[in-house]
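Down below is the structure, laid out as structure tokens.
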Number of protein chains: 2
Amino acid sequence: MTDTKTRILDAAESLIAQHGFDVSLRAITAKAGVNLAAVNYHFQSKDALIDALVARRIAPINRLRIEVLDAVEREHPEGPLPLEAVIHAFVDPPLRMPGREDIRILFGRLYGTPGEFLHRLFEPHLKPLAARFRVAFARACPELPPADLMWRMHFTIGVMVHTMSWSRIISEITGGEVNSSDTEALIERIVRFTAAGFRAAVQDAQSQQGARHA
Amino acid sequence: MTDTKTRILDAAESLIAQHGFDVSLRAITAKAGVNLAAVNYHFQSKDALIDALVARRIAPINRLRIEVLDAVEREHPEGPLPLEAVIHAFVDPPLRMPGREDIRILFGRLYGTPGEFLHRLFEPHLKPLAARFRVAFARACPELPPADLMWRMHFTIGVMVHTMSWSRIISEITGGEVNSSDTEALIERIVRFTAAGFRAAVQDAQSQQGARHA
DNA sequence: GTTTTAATTATACGATTGTTTAAATCTCTG
DNA sequence: CAGAGATTTAAACAATCGTATAATTAAAAC
């Protein structure tokens, strides 16, 4: 019999992935097979439970992302970094996340609902990561203006998050035509798409001015 | 004094965009300045209110998307369609949506929480639209395998949705460095990024096999 | 002006929520 | 074995939720 604390976390993780963050503590404790009050005993509140739930998954993923990026930078101590390698370092760990598919959906749901949990999530987990990858992407695309770099990182996150949050129903709504079970092929599709997006020509200030009044 | 029904819709729209779909009817009716029971009188339930709220915004957007796509196809009755024009037809209407910024955030939140509202949303609103744009993208990228075509449409939606749902806080978390107030420039960035992604080389079956065991 | 319908109001209902309390049980130390 | 601390349990708390009811007011029709 596993630990009560982790059983609560597992049950909450699965239920939140399926039904959203407003699942009741009673549903969570029922699925975990523990008493209702156990949540407020081991964690302090429902919000603290969600924080612990998120931290448990994000922390190892971000650690792995940094490790992979470290290896890439070690192989290229100077000069431009290979763009595909940087993208891989960013998207592989969450997409290859071990365990149930629920975790991927939870991850996507987390990014899809900015405002509620994100301020508690961004400062400790995402902010240092974003700063780290920003300089890496800048080294991979030296000629890209800073604003475009940030936007294209943002777009890449959008591709990754949307793929994760729709991973369960994407095959359903396409009639099984599109399937996300082959993780490696999916990662390769994401990297090719976003890398080409990073390498796209940027709009110079003059044509921007023109497009605005077209 | 505007209509009670639209005042409820406006208030619900704004509050849901800010705080999610689990806002109370009391908060909605308080902001609208109407009585609590007015919601169950004019609509039948809270779910029906959300359905009406979504339909009110999605219907004209999708109508405009189809109109713009019709014009593109009329200008190119045969042969390949210009890829950028097809992407513009898809992403411009929601991003240029008139009215408050709340609507864009609501739109993004809707896509970010698949499963709850999406089955009620997909069949009537999204399914015919996806079928229509699928053939258009196929005409724009004739050499692209069907599976890759679907995935890259999916990625494009991810870029669009993520940009919309993060439009309010993106400038906040980047310290004002990245700003989404210039809609036309933002659209241009999205189109350049995704068009380059559509044109990226696809992975052939052989190298797929190899990558899977790499 | 009276009647009929539509719309709004105040109020209450049952159900569910997160959280707390106090007693019961278990676990381990001395 | 005794007892101190940790954990689990059942029960209840106040608050909030969506919804329904009945009465009241406004509007429209004849």
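Chain lettering (A, B, ...) mirrors the order of the structure tokens, residue numbering begins at 1 for each chain separately, and ligand numbering begins at 1 in order of display.
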>> as a PyMOL selection string, could you give me every residue of chain B near chain A (at most 6 Å apart, counting only C-alpha atoms)?
In response: chain B and resi 112+155+158-159+162+184+193+196-197+200+212
>> Quick check for you: according to DSSP on this backbone, which residues of region 41-195 of chain B are classed as alpha helix (DSSP H)? Reply as a VMD selection string.
In response: chain B and resid 41 to 42 46 to 75 83 to 95 102 to 112 118 to 121 127 to 140 146 to 165 170 to 173 183 to 195
Report as a Markdown table: every residue of chain D with an atom at most 9 Å from chain A, its closest pair of atoms, and their distance in Å to one decimal, counting only C-alpha atoms (C1' of nucleotides), with rows sorted by chain and ascending residue number.
```
| residue | atom | partner | partner_atom | distance |
| --- | --- | --- | --- | --- |
| D:DT7 | C1' | A:Ala38 | CA | 8.9 |
| D:DT8 | C1' | A:Asn35 | CA | 7.3 |
| D:DT9 | C1' | A:Asn35 | CA | 7.1 |
```
With all heavy atoms retained, write the just-selected residues as a CSV table (one decimal), in the first residue's frame.
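Okay, this is what ended up in selection_24.csv:
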```csv
chain,number,residue,atom,x,y,z
D,7,DT,P,2.6,11.5,10.4
D,7,DT,OP1,3.5,10.9,9.4
D,7,DT,OP2,2.4,12.9,10.5
D,7,DT,O5',1.2,10.8,10.2
D,7,DT,C5',1.1,9.4,10.2
D,7,DT,C4',-0.4,9.0,10.4
D,7,DT,O4',-0.9,9.5,11.6
D,7,DT,C3',-1.4,9.4,9.3
D,7,DT,O3',-1.7,8.3,8.5
D,7,DT,C2',-2.6,10.0,10.1
D,7,DT,C1',-2.3,9.4,11.6
D,7,DT,N1,-2.9,10.3,12.7
D,7,DT,C2,-3.9,9.8,13.3
D,7,DT,O2,-4.5,8.7,13.1
D,7,DT,N3,-4.4,10.6,14.4
D,7,DT,C4,-3.9,11.8,14.7
D,7,DT,O4,-4.4,12.4,15.7
D,7,DT,C5,-2.7,12.3,14.0
D,7,DT,C7,-2.1,13.6,14.3
D,7,DT,C6,-2.3,11.5,13.0
D,8,DT,P,-2.6,8.6,7.2
D,8,DT,OP1,-2.3,7.6,6.2
D,8,DT,OP2,-2.7,10.0,6.9
D,8,DT,O5',-4.1,8.2,7.8
D,8,DT,C5',-4.3,6.9,8.4
D,8,DT,C4',-5.6,6.8,9.1
D,8,DT,O4',-5.6,7.8,10.2
D,8,DT,C3',-6.8,7.2,8.3
D,8,DT,O3',-7.7,6.1,8.2
D,8,DT,C2',-7.5,8.4,8.9
D,8,DT,C1',-6.9,8.3,10.4
D,8,DT,N1,-6.9,9.6,11.1
D,8,DT,C2,-7.7,9.8,12.2
D,8,DT,O2,-8.5,8.9,12.6
D,8,DT,N3,-7.6,11.0,12.8
D,8,DT,C4,-6.8,12.1,12.4
D,8,DT,O4,-6.8,13.1,13.0
D,8,DT,C5,-5.9,11.8,11.2
D,8,DT,C7,-5.0,12.8,10.7
D,8,DT,C6,-6.1,10.6,10.6
D,9,DT,P,-8.9,6.0,7.2
D,9,DT,OP1,-9.1,4.6,6.7
D,9,DT,OP2,-8.6,7.1,6.2
D,9,DT,O5',-10.1,6.5,8.1
D,9,DT,C5',-10.5,5.7,9.2
D,9,DT,C4',-11.4,6.5,10.1
D,9,DT,O4',-10.8,7.7,10.6
D,9,DT,C3',-12.7,7.0,9.4
D,9,DT,O3',-13.7,6.1,9.6
D,9,DT,C2',-12.9,8.3,10.1
D,9,DT,C1',-11.7,8.5,11.1
D,9,DT,N1,-11.2,9.9,11.1
D,9,DT,C2,-11.5,10.8,12.1
D,9,DT,O2,-12.3,10.5,13.0
D,9,DT,N3,-11.0,12.0,12.0
D,9,DT,C4,-10.1,12.5,11.0
D,9,DT,O4,-9.7,13.6,11.1
D,9,DT,C5,-9.8,11.5,10.0
D,9,DT,C7,-8.9,11.9,8.9
D,9,DT,C6,-10.3,10.3,10.1
```
Near chain B, 9 Å: chain C residue rows, closest pairs, only C-alpha atoms (C1' of nucleotides), as a tab-separated table:
```
residue	atom	partner	partner_atom	distance
C:DA7	C1'	B:Ala38	CA	8.8
C:DT8	C1'	B:Asn35	CA	7.3
C:DT9	C1'	B:Asn35	CA	7.1
```
>> Neighbouring residues of region 13-23 of chain C were defined as those with any atom within 12 Å, considering only C-alpha atoms (C1' of nucleotides); residues of the same chain fewer than 3 positions away were excluded. Please report them as a PyMOL selection string.
In response: (chain A and resi 22-27+36-41+44-47) or (chain D and resi 8-21)
